[in-house]
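Before any comments, here is the structure.
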Amino acid sequence: MTATASAKGVASAKGVATSRGGASLEDHVEAPSTVRTLTLAGAINAGLRAAMDRDPKVVLMGEDIGALGGVFRVTEGLHKDFGERRVIDTPLAESGIVGTAIGMAMRGYRPVVEIQFDGFIFPAYDQITTSLAKLHYRSQGQITVPVVIRVPFAGGIGAIEHHSESPEALFAHTPGLRIVTPATPQDGFDMIQQAIASPDPVMFFEPKARYWDKGEVDTARVATQLDADAGASHGTAEMGRARIASPGSDVTLLAYGPTVRLALQSAAVAAKDGVSVEVIDLRSISPIDFDTVLASVKRTGRAIVVHEAPVAFGTGAEIAARIAELAFFHLEAPVLRVGGFHTPYPGSTHEHDYLPSLDRVLDAIDAVMAH
Amino acid sequence: MAGIGPLSEEGLVRLLTYKGKRVKNARFEPYAEDITVDDLRSFWRNMMLTRAFDNEATSLQRQGELGLWVASLGQEAAQIGSASVLRGPDYVFPSYREHGVALMRGIDLPEILRTFRGHQHGAWDPAAHNFHLYTLVIGAHSLHAVGYAQAMDWDGLVGSGKPDADGAVICYFGDGATSQGDVNEALIFAAVNTAPVVFFVQNNQFAISESTTRQSKVPLAQRADGVGMENVRVDGNDVIAVHAVTRWAMEHARSGAGPVMIEALTYRMGAHTTSDDPTKYRTRADEDYWRERDPIARLEAYLTAIGELPEDFVESVAAECKEMGKRTREAVRSWPKPPKHLIFEHVYAEPHARVEAERTWFERYEATFADAEGAR
């Protein structure tokens, strides 16, 4: 398939990002601005559509992403509008999906692949860690592999085994991969486009329990930024920047993806007790924006990391270690971590005992404030 | 089978037409000719019980009692027919939809729902039933099946010269799984090691929304040709043909002659799971076509035609099915929520310092709530 052929695909896809799409995912349109109210799933859907409109080399691949629109409907409508050449229902083989995406990327395509559930990514682990992550390094920078791997991840939805896992640290431990996770519809819309524009492989972890949360999305912002980049930084820098989700002065609460909402709830409750909590949405796990993290911790002197993944050997361990290395003398209390246990993800009956909860985060806030 | 697609009904081994007429197949007739009327009634009863349980589980999910259900609706003949030939040390590796096979292995069917209610990941003792846990990671268990089969061979359970004492492994998976690397590796390992394993593929025509035509250009059984493995395609909605073909295959494997791949062409009459909506990707006409080929109705038509489905038997099975539904409902609702400390059980066979530390922390943490309540 040549570039000419794929350009035809785009010519046949009508309209622009803001004009249509995902009607069933969309709450309502507030005319006349570029701001829309979307769910996280709808925002990612709109972001994918915008990226496909912008770049004819963007192709989607995955299991059930075509007529069905994906099991979470994140690709709904795209198969109909862009056709089966650009929205590809693949055979049921995750290694095959990622492996073939690498080959396509080597010819200048930008494959965005969907792994149906977190727990099913492991057949592709070999391709991701030994090929995708290393090709740029092995070729002394001659080969770029701009593959985006979308992974609905984390728990809290009452699912069966293998459908609630948080494997981000396994991938963050692999040099060569960028790891990001949006927590809001705005970030879902923006970051998926930044991820696609990035020349590096990006693992895009989508907090599935937050798919139906609604929020306002300004669809113009990211387009302006990507157009301004014109192939320079490709949005990678912006995508990797942490966001202060709620300012505070006593404790820095670090969260990402599914735990950002929990962190904000915790901050609100703590505020009633007179504790001022700053919530930072990391957005990127590899790299971590330590400029933002350290600036906050140096002000508050206290840090807590909250993630669903097991605490042992997790993202929180890396953050705590870096804070100890770079802000030790600013600390008023040990850095604490709230997260999953060193057990497999339990049956759904017990998932809320396993997952970080409001009580457990508040407990940690009390503990660091006791110092 | 050259030149036909993966959904072709051409060349399928069939001993019962879809209207319930008994037909002959020269190669497999010897494996069906001694089937008695009692056997046939038993097939019918077990298919009915499986469906009754399955329908009840679907209802329970709709009522919010289960997180999810994976219906076996329409695949009863493939499951009951194949499992009906198992005996002795035979060992089963199911995927996650083999409720009919579970019944045949003596699993108390409602117990399966502990998993789908979110109480525990595995709901039975595999060794007690020679029936492994359900595996949700598509195709992963196919390799376990091969290793288990090789070990059975090393342990003298295969080709011993005493056919009644010999055993083999049967491994179930679906059409989608045949695309997985693990399954292709399993075929290779089984073939080169002459492992006593039968791969039983239920081609139910859909991997969630994707037609088998997205997995293969040729019949799935032909995958085995590439590794030099015996294979056969059977009408998966014909319980007699499935029984005959699987009986041959298991005898072949038990004798030490090597692995076999069986492809049973059937149809997933329901959704992939209760979370799925098949109207998005298949037609009513397609569903109607296959409803006419319902495996239970087919055997019923045959038994009726030969005058061997007496009223009192039908009534007794109907009563059993009703009882199955009632028992399933009552069982699910009677289970207490398992204690929280189960999160920390069985992660390792021997104590692990990290898990124990977290368990201790958790118990103390939980106790603070009890203290708080006590103080009120």
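By convention in this document, the chains of the structure tokens carry letters A, B, ... by their order, each chain's residues are numbered from 1, and ligands are numbered from 1 in the order they are shown.
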Write out as a PDB file with C-alpha atoms, in the first residue's frame the residues lying within 12 Å of stretch 217-219 of chain B, counting only C-alpha atoms and excluding same-chain residues fewer than 5 positions away.
ATOM      1  CA  PRO A  91      -6.508 -11.506  13.847  1.00  0.00           C
TER       2      PRO A  91
ATOM      3  CA  MET B   1     -10.784 -29.250   1.558  1.00  0.00           C
ATOM      4  CA  ALA B   2      -8.585 -27.373  -0.849  1.00  0.00           C
ATOM      5  CA  GLY B   3      -9.964 -24.065  -1.961  1.00  0.00           C
ATOM      6  CA  ILE B   4     -12.693 -23.688   0.637  1.00  0.00           C
ATOM      7  CA  GLY B   5     -13.022 -20.981   3.262  1.00  0.00           C
ATOM      8  CA  PRO B   6     -12.992 -21.285   7.037  1.00  0.00           C
ATOM      9  CA  LEU B   7     -16.782 -21.321   7.355  1.00  0.00           C
ATOM     10  CA  SER B   8     -17.485 -23.828   4.595  1.00  0.00           C
ATOM     11  CA  GLU B   9     -19.772 -26.711   5.510  1.00  0.00           C
ATOM     12  CA  GLU B  10     -18.314 -28.724   2.672  1.00  0.00           C
ATOM     13  CA  GLY B  11     -16.712 -31.993   3.674  1.00  0.00           C
ATOM     14  CA  LEU B  12     -17.700 -31.854   7.341  1.00  0.00           C
ATOM     15  CA  ASP B 175     -11.433 -19.977  16.224  1.00  0.00           C
ATOM     16  CA  THR B 178      -5.874 -20.221  16.350  1.00  0.00           C
ATOM     17  CA  SER B 179      -4.246 -16.895  15.476  1.00  0.00           C
ATOM     18  CA  VAL B 201     -11.368 -26.236  18.098  1.00  0.00           C
ATOM     19  CA  ASN B 203     -15.171 -22.759  15.426  1.00  0.00           C
ATOM     20  CA  GLN B 205     -17.597 -18.355  13.783  1.00  0.00           C
ATOM     21  CA  SER B 211     -15.731 -13.479  11.749  1.00  0.00           C
ATOM     22  CA  THR B 212     -13.454 -16.501  11.442  1.00  0.00           C
ATOM     23  CA  ALA B 224      -2.474 -28.886  11.518  1.00  0.00           C
ATOM     24  CA  ASP B 225      -1.410 -29.929   8.009  1.00  0.00           C
ATOM     25  CA  ASN B 231      -6.857 -33.391  11.518  1.00  0.00           C
ATOM     26  CA  VAL B 232     -10.541 -33.593  10.777  1.00  0.00           C
ATOM     27  CA  ARG B 233     -13.472 -31.206  10.373  1.00  0.00           C
ATOM     28  CA  VAL B 234     -16.751 -32.191  11.916  1.00  0.00           C
ATOM     29  CA  MET B 261      -6.663 -31.443  15.630  1.00  0.00           C
ATOM     30  CA  ILE B 262     -10.441 -31.518  15.420  1.00  0.00           C
ATOM     31  CA  GLU B 263     -12.310 -28.544  14.081  1.00  0.00           C
ATOM     32  CA  ALA B 264     -15.971 -28.555  15.064  1.00  0.00           C
ATOM     33  CA  LEU B 265     -17.927 -26.024  13.043  1.00  0.00           C
TER      34      LEU B 265
END
Legend entry - Test item: residues at most 9 Å from stretch 114-131 of chain A, only C-alpha atoms, excluding those fewer than 6 positions along its chain, as a PyMOL selection string: (chain A and resi 60-65+70-72+93-99+102+148-154+161-167+171+174-177+205) or (chain B and resi 137-138+180-182)
If the cut-off is 8 Å, can you tell me the residues of chain B near chain A, counting only C-alpha atoms? I'd like them as a short mmCIF file (atom, residue, chain, number, x, y, z; two decimals) with C-alpha atoms, in the first residue's frame.
data_model
loop_
_atom_site.label_atom_id
_atom_site.label_comp_id
_atom_site.auth_asym_id
_atom_site.auth_seq_id
_atom_site.Cartn_x
_atom_site.Cartn_y
_atom_site.Cartn_z
CA GLY B 67 -20.42 -9.55 36.86
CA LEU B 68 -20.31 -11.30 33.53
CA THR B 115 -15.69 -17.01 39.32
CA PHE B 116 -18.27 -14.95 37.44
CA ARG B 117 -19.58 -13.48 40.72
CA GLY B 118 -16.05 -12.26 41.41
CA HIS B 119 -15.51 -14.41 44.49
CA GLN B 120 -12.48 -16.35 43.31
CA HIS B 121 -10.53 -16.87 40.10
CA LEU B 136 -9.11 -16.40 29.88
CA VAL B 137 -5.82 -15.54 28.20
CA GLY B 176 -9.88 -16.73 17.47
CA ALA B 177 -7.26 -18.57 19.47
CA SER B 179 -4.25 -16.90 15.48
CA GLN B 180 -2.30 -16.72 18.71
CA GLY B 181 1.39 -17.50 18.73
CA ALA B 207 -14.03 -13.97 18.04
CA ILE B 208 -16.25 -11.41 19.77
CA SER B 209 -17.21 -9.41 16.66
CA GLU B 210 -14.73 -10.75 14.16
CA ARG B 214 -10.52 -12.51 9.83
CA GLN B 215 -8.46 -15.32 11.36
CA ASP B 276 -21.42 -7.88 23.98
CA LYS B 280 -23.52 -4.55 15.66
CA TYR B 281 -21.78 -7.14 13.53
CA LYS B 337 -19.00 -12.64 50.57
CA PRO B 338 -15.58 -14.22 51.07
CA LYS B 340 -11.08 -9.91 52.81
CA ILE B 343 -6.61 -11.33 48.91
CA PHE B 344 -3.35 -12.41 50.54
CA VAL B 347 0.08 -15.89 46.35
CA ARG B 354 6.45 -8.77 51.46
CA VAL B 355 3.02 -10.37 51.29
CA GLU B 358 1.23 -6.18 53.68
#
Inset, instruction - Would you kindly return, as an MDAnalysis selection string, each protein, DNA or RNA residue with an atom no farther than 12 Å from any atom of B:Arg62, considering only C-alpha atoms and excluding same-chain residues fewer than 6 positions away? - result: chainID B and resid 55:56 68:69 273:275
Convert the current residue selection to file output with N, CA and C atoms, as a PDB file, in the first residue's frame.
ATOM      1  N   ASN B  55     -28.670 -20.760  30.519  1.00  0.00           N
ATOM      2  CA  ASN B  55     -29.726 -19.742  30.460  1.00  0.00           C
ATOM      3  C   ASN B  55     -29.945 -19.103  31.827  1.00  0.00           C
ATOM      4  N   GLU B  56     -29.874 -19.930  32.867  1.00  0.00           N
ATOM      5  CA  GLU B  56     -30.055 -19.389  34.214  1.00  0.00           C
ATOM      6  C   GLU B  56     -28.933 -18.396  34.551  1.00  0.00           C
ATOM      7  N   LEU B  68     -20.423 -10.980  34.951  1.00  0.00           N
ATOM      8  CA  LEU B  68     -20.314 -11.296  33.525  1.00  0.00           C
ATOM      9  C   LEU B  68     -20.750 -12.737  33.336  1.00  0.00           C
ATOM     10  N   TRP B  69     -21.270 -13.054  32.148  1.00  0.00           N
ATOM     11  CA  TRP B  69     -21.483 -14.462  31.832  1.00  0.00           C
ATOM     12  C   TRP B  69     -21.074 -14.717  30.390  1.00  0.00           C
ATOM     13  N   THR B 273     -20.142 -12.384  25.315  1.00  0.00           N
ATOM     14  CA  THR B 273     -20.425 -12.392  26.751  1.00  0.00           C
ATOM     15  C   THR B 273     -21.636 -11.496  26.942  1.00  0.00           C
ATOM     16  N   THR B 274     -22.090 -11.399  28.179  1.00  0.00           N
ATOM     17  CA  THR B 274     -23.218 -10.515  28.454  1.00  0.00           C
ATOM     18  C   THR B 274     -22.863  -9.053  28.222  1.00  0.00           C
ATOM     19  N   SER B 275     -21.583  -8.722  28.021  1.00  0.00           N
ATOM     20  CA  SER B 275     -21.191  -7.337  27.727  1.00  0.00           C
ATOM     21  C   SER B 275     -21.249  -7.022  26.233  1.00  0.00           C
TER      22      SER B 275
END
Inset, instruction - List the neighbours of A:Gln265 out to 9 Å using only C-alpha atoms; skip same-chain residues closer than 5 positions along the sequence, and give me the result as a list of chain:residue names. - result: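 Answer for this query is A:Val260, A:Ala270, A:Leu358.
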Inset, instruction - Can you pull out every residue within 9 Å of A:Val222, counting only C-alpha atoms, but drop anything in the same chain fewer than 6 positions away, and send it as a VMD selection string? - result: chain A and resid 189 to 191 193 to 194 235
Legend entry - Residue set, stretch 170-330 of chain B restricted to strand (DSSP E), as JSON, numbers by chain: {"B": [170, 171, 172, 173, 174, 197, 198, 199, 200, 201, 202, 203, 206, 207, 210, 211, 230, 231, 232, 233, 234, 235, 260, 261, 262, 263, 264, 265]}
